[in-house]
Amino acid sequence: MTETPDLLASDADRTRVAGELRQHYEAGRLTLDEFQGRLDEAHAARTDAQLDHALRQLPDAKLPTVSPRDTRWRSLALQYALVNLVAVAVWLATGAQIHDFWPKWVLLVTLIMFLRRVFRPRRRPRQLPPPTDSTS
């Protein structure tokens with residue numbers, strides 16, 4: 001049987017792999033040293049197999065991932081609901097009086113905190129270091 005030859009990698013392939021490595025670094029799967037080493041491997045790669053080697057032990061970039069922002073509001077809502085339920089339970093246990101519903105202040109403050117945390121702008125991802133010139 002004949003083996004298919006390993007195809008030579010194009011500049012576009014190297015750029016694509018560098019972008020995938022950058023995504024993995026920003027996701028925290030690679031340390032800075034690993035990222036720089038694999039980036040050097042990708043830029044020096046001549047074949048597709050060498051490019052695949054730069055992506056070793058990393059998940060496929062096309063796999064769907066769960067964004068933490070999608071589930072963050074649910075976790076926050078649960079936390080604030082528990083705080084407010086405890087406040088109302090204390091109010092009920094200490095002789096609930098309709099005209100003095102003090103948990104309303106807890107409800108108001110936690111609502112403001114919840115809305116600020118859910119709708120605040122997203123933090124910027126880690127900045128990559130400037131490229132080093134290894135030819136000197």
# chains A, B, ... in the order shown; residues from 1 in each chain; ligands from 1
$ residues_around --residues "stretch 25-41 of chain A" --least-positions-apart "2" --cutoff "10 Å" --atoms "only C-alpha atoms" --output "PyMOL selection string"
chain A and resi 14-15+17-23+43-46+50-51+53-59+125-129+131-132+134
$ residues_around --residues "stretch 112-115 of chain A" --least-positions-apart "4" --cutoff "8 Å" --atoms "only C-alpha atoms" --output "JSON, numbers by chain"
{"A": [76, 77, 80, 108, 119]}
$ write_last_selection --atoms "C-alpha atoms" --output "mmCIF file, in the first residue's frame"
data_model
loop_
_atom_site.group_PDB
_atom_site.id
_atom_site.type_symbol
_atom_site.label_atom_id
_atom_site.label_comp_id
_atom_site.auth_asym_id
_atom_site.auth_seq_id
_atom_site.Cartn_x
_atom_site.Cartn_y
_atom_site.Cartn_z
ATOM 1 C CA LEU A 76 -25.365 34.924 40.940
ATOM 2 C CA ALA A 77 -29.156 34.722 41.013
ATOM 3 C CA TYR A 80 -28.662 36.577 45.917
ATOM 4 C CA LEU A 108 -32.881 46.436 47.058
ATOM 5 C CA PHE A 119 -24.371 43.594 33.056
#
$ residues_around --residues "stretch 82-85 of chain A" --least-positions-apart "3" --cutoff "10 Å" --atoms "only C-alpha atoms" --output "list in words"
Leu76, Ala77, Leu78, Gln79, Val88, Ala89, Val90, Trp91, Pro103, Lys104, Trp105, Val106, Leu107, Leu108, Thr110 and Leu111 of chain A
$ write_last_selection --atoms "C-alpha atoms" --output "PDB file, in the first residue's frame"
ATOM      1  CA  LEU A  76     -25.365  34.924  40.940  1.00  0.00           C
ATOM      2  CA  ALA A  77     -29.156  34.722  41.013  1.00  0.00           C
ATOM      3  CA  LEU A  78     -28.984  31.685  43.290  1.00  0.00           C
ATOM      4  CA  GLN A  79     -26.562  33.434  45.664  1.00  0.00           C
ATOM      5  CA  VAL A  88     -36.930  37.285  55.102  1.00  0.00           C
ATOM      6  CA  ALA A  89     -36.694  34.170  57.307  1.00  0.00           C
ATOM      7  CA  VAL A  90     -34.985  36.206  60.052  1.00  0.00           C
ATOM      8  CA  TRP A  91     -37.666  38.880  59.735  1.00  0.00           C
ATOM      9  CA  PRO A 103     -35.632  43.027  54.383  1.00  0.00           C
ATOM     10  CA  LYS A 104     -36.747  45.402  51.611  1.00  0.00           C
ATOM     11  CA  TRP A 105     -33.375  47.132  52.004  1.00  0.00           C
ATOM     12  CA  VAL A 106     -31.532  43.834  51.672  1.00  0.00           C
ATOM     13  CA  LEU A 107     -33.633  43.041  48.597  1.00  0.00           C
ATOM     14  CA  LEU A 108     -32.881  46.436  47.058  1.00  0.00           C
ATOM     15  CA  THR A 110     -28.728  42.766  46.451  1.00  0.00           C
ATOM     16  CA  LEU A 111     -30.790  43.552  43.346  1.00  0.00           C
TER      17      LEU A 111
END
$ atom_distance --atom1 "atom CA of A:His24" --atom2 "atom CA of A:Ser10"
21.4 Å
$ atom_distance --atom1 "atom CA of A:Leu8" --atom2 "atom CA of A:Asp48"
6.1 Å
$ atom_distance --atom1 "atom CA of A:Val118" --atom2 "atom CA of A:Trp102"
25.2 Å
$ select_by_dssp --residues "stretch 44-119 of chain A" --states "alpha helix (DSSP H)" --output "ChimeraX atom specification"
/A:44,48-54,68-93,103-119
$ write_last_selection --atoms "N, CA and C atoms" --output "compact mmCIF listing (two decimals), in the first residue's frame"
# COMPACT_ATOMS: atom_id res chain seq x y z
N ALA A 44 7.94 27.48 12.40
CA ALA A 44 9.02 26.73 11.77
C ALA A 44 8.52 25.50 11.01
N ASP A 48 2.21 19.56 7.28
CA ASP A 48 0.98 19.53 8.06
C ASP A 48 1.16 18.73 9.35
N ALA A 49 1.96 17.66 9.29
CA ALA A 49 2.20 16.84 10.48
C ALA A 49 2.92 17.65 11.55
N GLN A 50 3.85 18.50 11.15
CA GLN A 50 4.55 19.35 12.12
C GLN A 50 3.59 20.38 12.72
N LEU A 51 2.67 20.88 11.91
CA LEU A 51 1.66 21.80 12.44
C LEU A 51 0.76 21.08 13.43
N ASP A 52 0.35 19.85 13.11
CA ASP A 52 -0.48 19.06 14.03
C ASP A 52 0.26 18.81 15.33
N HIS A 53 1.59 18.64 15.25
CA HIS A 53 2.38 18.40 16.46
C HIS A 53 2.36 19.63 17.37
N ALA A 54 2.30 20.83 16.80
CA ALA A 54 2.22 22.05 17.62
C ALA A 54 0.91 22.12 18.39
N PRO A 68 -18.42 30.95 30.22
CA PRO A 68 -18.75 31.21 31.63
C PRO A 68 -19.78 32.30 31.78
N ARG A 69 -19.84 33.22 30.83
CA ARG A 69 -20.81 34.32 30.91
C ARG A 69 -22.23 33.79 30.77
N ASP A 70 -22.43 32.67 30.06
CA ASP A 70 -23.76 32.12 29.88
C ASP A 70 -24.34 31.58 31.18
N THR A 71 -23.53 31.04 32.06
CA THR A 71 -24.02 30.43 33.29
C THR A 71 -23.79 31.32 34.51
N ARG A 72 -23.04 32.39 34.36
CA ARG A 72 -22.70 33.22 35.52
C ARG A 72 -23.93 33.82 36.17
N TRP A 73 -24.87 34.30 35.37
CA TRP A 73 -26.05 34.96 35.95
C TRP A 73 -26.87 34.00 36.78
N ARG A 74 -26.92 32.72 36.39
CA ARG A 74 -27.69 31.75 37.18
C ARG A 74 -27.07 31.56 38.55
N SER A 75 -25.76 31.46 38.60
CA SER A 75 -25.06 31.29 39.87
C SER A 75 -25.27 32.51 40.76
N LEU A 76 -25.16 33.70 40.17
CA LEU A 76 -25.37 34.92 40.94
C LEU A 76 -26.80 35.02 41.45
N ALA A 77 -27.75 34.66 40.61
CA ALA A 77 -29.16 34.72 41.01
C ALA A 77 -29.41 33.80 42.20
N LEU A 78 -28.82 32.62 42.18
CA LEU A 78 -28.98 31.69 43.29
C LEU A 78 -28.39 32.26 44.57
N GLN A 79 -27.20 32.84 44.48
CA GLN A 79 -26.56 33.43 45.66
C GLN A 79 -27.42 34.55 46.25
N TYR A 80 -27.89 35.46 45.42
CA TYR A 80 -28.66 36.58 45.92
C TYR A 80 -30.03 36.13 46.42
N ALA A 81 -30.62 35.12 45.79
CA ALA A 81 -31.90 34.60 46.28
C ALA A 81 -31.73 34.00 47.67
N LEU A 82 -30.64 33.28 47.88
CA LEU A 82 -30.41 32.69 49.20
C LEU A 82 -30.22 33.76 50.27
N VAL A 83 -29.47 34.80 49.95
CA VAL A 83 -29.26 35.90 50.91
C VAL A 83 -30.60 36.53 51.27
N ASN A 84 -31.44 36.77 50.27
CA ASN A 84 -32.73 37.41 50.53
C ASN A 84 -33.69 36.49 51.28
N LEU A 85 -33.66 35.20 50.98
CA LEU A 85 -34.50 34.26 51.72
C LEU A 85 -34.10 34.20 53.19
N VAL A 86 -32.81 34.23 53.46
CA VAL A 86 -32.35 34.24 54.86
C VAL A 86 -32.83 35.50 55.56
N ALA A 87 -32.73 36.66 54.89
CA ALA A 87 -33.18 37.92 55.49
C ALA A 87 -34.68 37.88 55.80
N VAL A 88 -35.48 37.37 54.88
CA VAL A 88 -36.93 37.28 55.10
C VAL A 88 -37.23 36.27 56.20
N ALA A 89 -36.49 35.17 56.25
CA ALA A 89 -36.69 34.17 57.31
C ALA A 89 -36.38 34.76 58.68
N VAL A 90 -35.32 35.56 58.78
CA VAL A 90 -34.99 36.21 60.05
C VAL A 90 -36.09 37.19 60.43
N TRP A 91 -36.58 37.93 59.47
CA TRP A 91 -37.67 38.88 59.74
C TRP A 91 -38.91 38.15 60.24
N LEU A 92 -39.24 37.02 59.59
CA LEU A 92 -40.40 36.24 60.04
C LEU A 92 -40.19 35.66 61.43
N ALA A 93 -38.99 35.19 61.71
CA ALA A 93 -38.70 34.56 63.00
C ALA A 93 -38.66 35.56 64.14
N PRO A 103 -36.34 43.74 55.47
CA PRO A 103 -35.63 43.03 54.38
C PRO A 103 -35.75 43.70 53.02
N LYS A 104 -36.65 44.70 52.90
CA LYS A 104 -36.75 45.40 51.61
C LYS A 104 -35.42 46.06 51.26
N TRP A 105 -34.67 46.50 52.28
CA TRP A 105 -33.37 47.13 52.00
C TRP A 105 -32.35 46.10 51.54
N VAL A 106 -32.42 44.92 52.12
CA VAL A 106 -31.53 43.83 51.67
C VAL A 106 -31.89 43.46 50.23
N LEU A 107 -33.18 43.36 49.96
CA LEU A 107 -33.63 43.04 48.60
C LEU A 107 -33.15 44.09 47.59
N LEU A 108 -33.27 45.36 47.96
CA LEU A 108 -32.88 46.44 47.06
C LEU A 108 -31.38 46.43 46.80
N VAL A 109 -30.59 46.31 47.85
CA VAL A 109 -29.12 46.33 47.69
C VAL A 109 -28.65 45.13 46.89
N THR A 110 -29.17 43.94 47.19
CA THR A 110 -28.73 42.77 46.45
C THR A 110 -29.19 42.81 44.99
N LEU A 111 -30.34 43.40 44.73
CA LEU A 111 -30.79 43.55 43.35
C LEU A 111 -29.84 44.46 42.57
N ILE A 112 -29.44 45.55 43.18
CA ILE A 112 -28.49 46.47 42.52
C ILE A 112 -27.16 45.76 42.28
N MET A 113 -26.67 45.04 43.28
CA MET A 113 -25.41 44.31 43.12
C MET A 113 -25.52 43.25 42.03
N PHE A 114 -26.63 42.53 42.00
CA PHE A 114 -26.85 41.50 41.00
C PHE A 114 -26.83 42.10 39.59
N LEU A 115 -27.56 43.19 39.39
CA LEU A 115 -27.63 43.81 38.08
C LEU A 115 -26.28 44.37 37.64
N ARG A 116 -25.53 44.94 38.58
CA ARG A 116 -24.20 45.46 38.24
C ARG A 116 -23.26 44.35 37.81
N ARG A 117 -23.31 43.20 38.50
CA ARG A 117 -22.41 42.10 38.16
C ARG A 117 -22.82 41.40 36.88
N VAL A 118 -24.10 41.30 36.61
CA VAL A 118 -24.54 40.61 35.39
C VAL A 118 -24.26 41.45 34.15
N PHE A 119 -24.47 42.75 34.24
CA PHE A 119 -24.37 43.59 33.06
C PHE A 119 -23.09 44.40 32.96
$ decode --residues "stretch 17-62 of chain A" --atoms "C-alpha atoms" --output "tab-separated table (two decimals), in the first residue's frame"
chain	number	residue	atom	x	y	z
A	17	VAL	CA	-2.52	27.23	13.84
A	18	ALA	CA	-1.02	30.33	15.48
A	19	GLY	CA	-4.55	31.69	15.97
A	20	GLU	CA	-5.70	28.40	17.52
A	21	LEU	CA	-2.69	28.41	19.87
A	22	ARG	CA	-3.54	31.98	20.87
A	23	GLN	CA	-7.13	30.90	21.70
A	24	HIS	CA	-5.83	28.02	23.82
A	25	TYR	CA	-3.43	30.36	25.62
A	26	GLU	CA	-6.20	32.86	26.33
A	27	ALA	CA	-8.40	30.01	27.60
A	28	GLY	CA	-5.65	29.08	30.07
A	29	ARG	CA	-4.73	25.73	28.54
A	30	LEU	CA	-1.15	26.82	27.84
A	31	THR	CA	1.37	28.65	29.97
A	32	LEU	CA	3.28	31.53	28.43
A	33	ASP	CA	6.37	29.36	27.91
A	34	GLU	CA	4.34	26.57	26.30
A	35	PHE	CA	2.55	29.08	24.10
A	36	GLN	CA	5.79	30.66	22.91
A	37	GLY	CA	7.41	27.27	22.29
A	38	ARG	CA	4.47	25.96	20.31
A	39	LEU	CA	4.19	29.23	18.40
A	40	ASP	CA	7.84	28.87	17.38
A	41	GLU	CA	7.11	25.27	16.33
A	42	ALA	CA	4.16	26.45	14.21
A	43	HIS	CA	6.17	29.15	12.49
A	44	ALA	CA	9.02	26.73	11.77
A	45	ALA	CA	6.74	23.92	10.56
A	46	ARG	CA	7.19	22.79	6.97
A	47	THR	CA	4.52	20.07	6.85
A	48	ASP	CA	0.98	19.53	8.06
A	49	ALA	CA	2.20	16.84	10.48
A	50	GLN	CA	4.55	19.35	12.12
A	51	LEU	CA	1.66	21.80	12.44
A	52	ASP	CA	-0.48	19.06	14.03
A	53	HIS	CA	2.38	18.40	16.46
A	54	ALA	CA	2.22	22.05	17.62
A	55	LEU	CA	-1.44	21.44	18.55
A	56	ARG	CA	-0.76	18.18	20.44
A	57	GLN	CA	-2.88	17.46	23.53
A	58	LEU	CA	-5.19	20.40	22.85
A	59	PRO	CA	-8.93	20.05	22.12
A	60	ASP	CA	-10.19	20.74	18.64
A	61	ALA	CA	-10.91	24.46	18.25
A	62	LYS	CA	-14.17	23.66	16.49
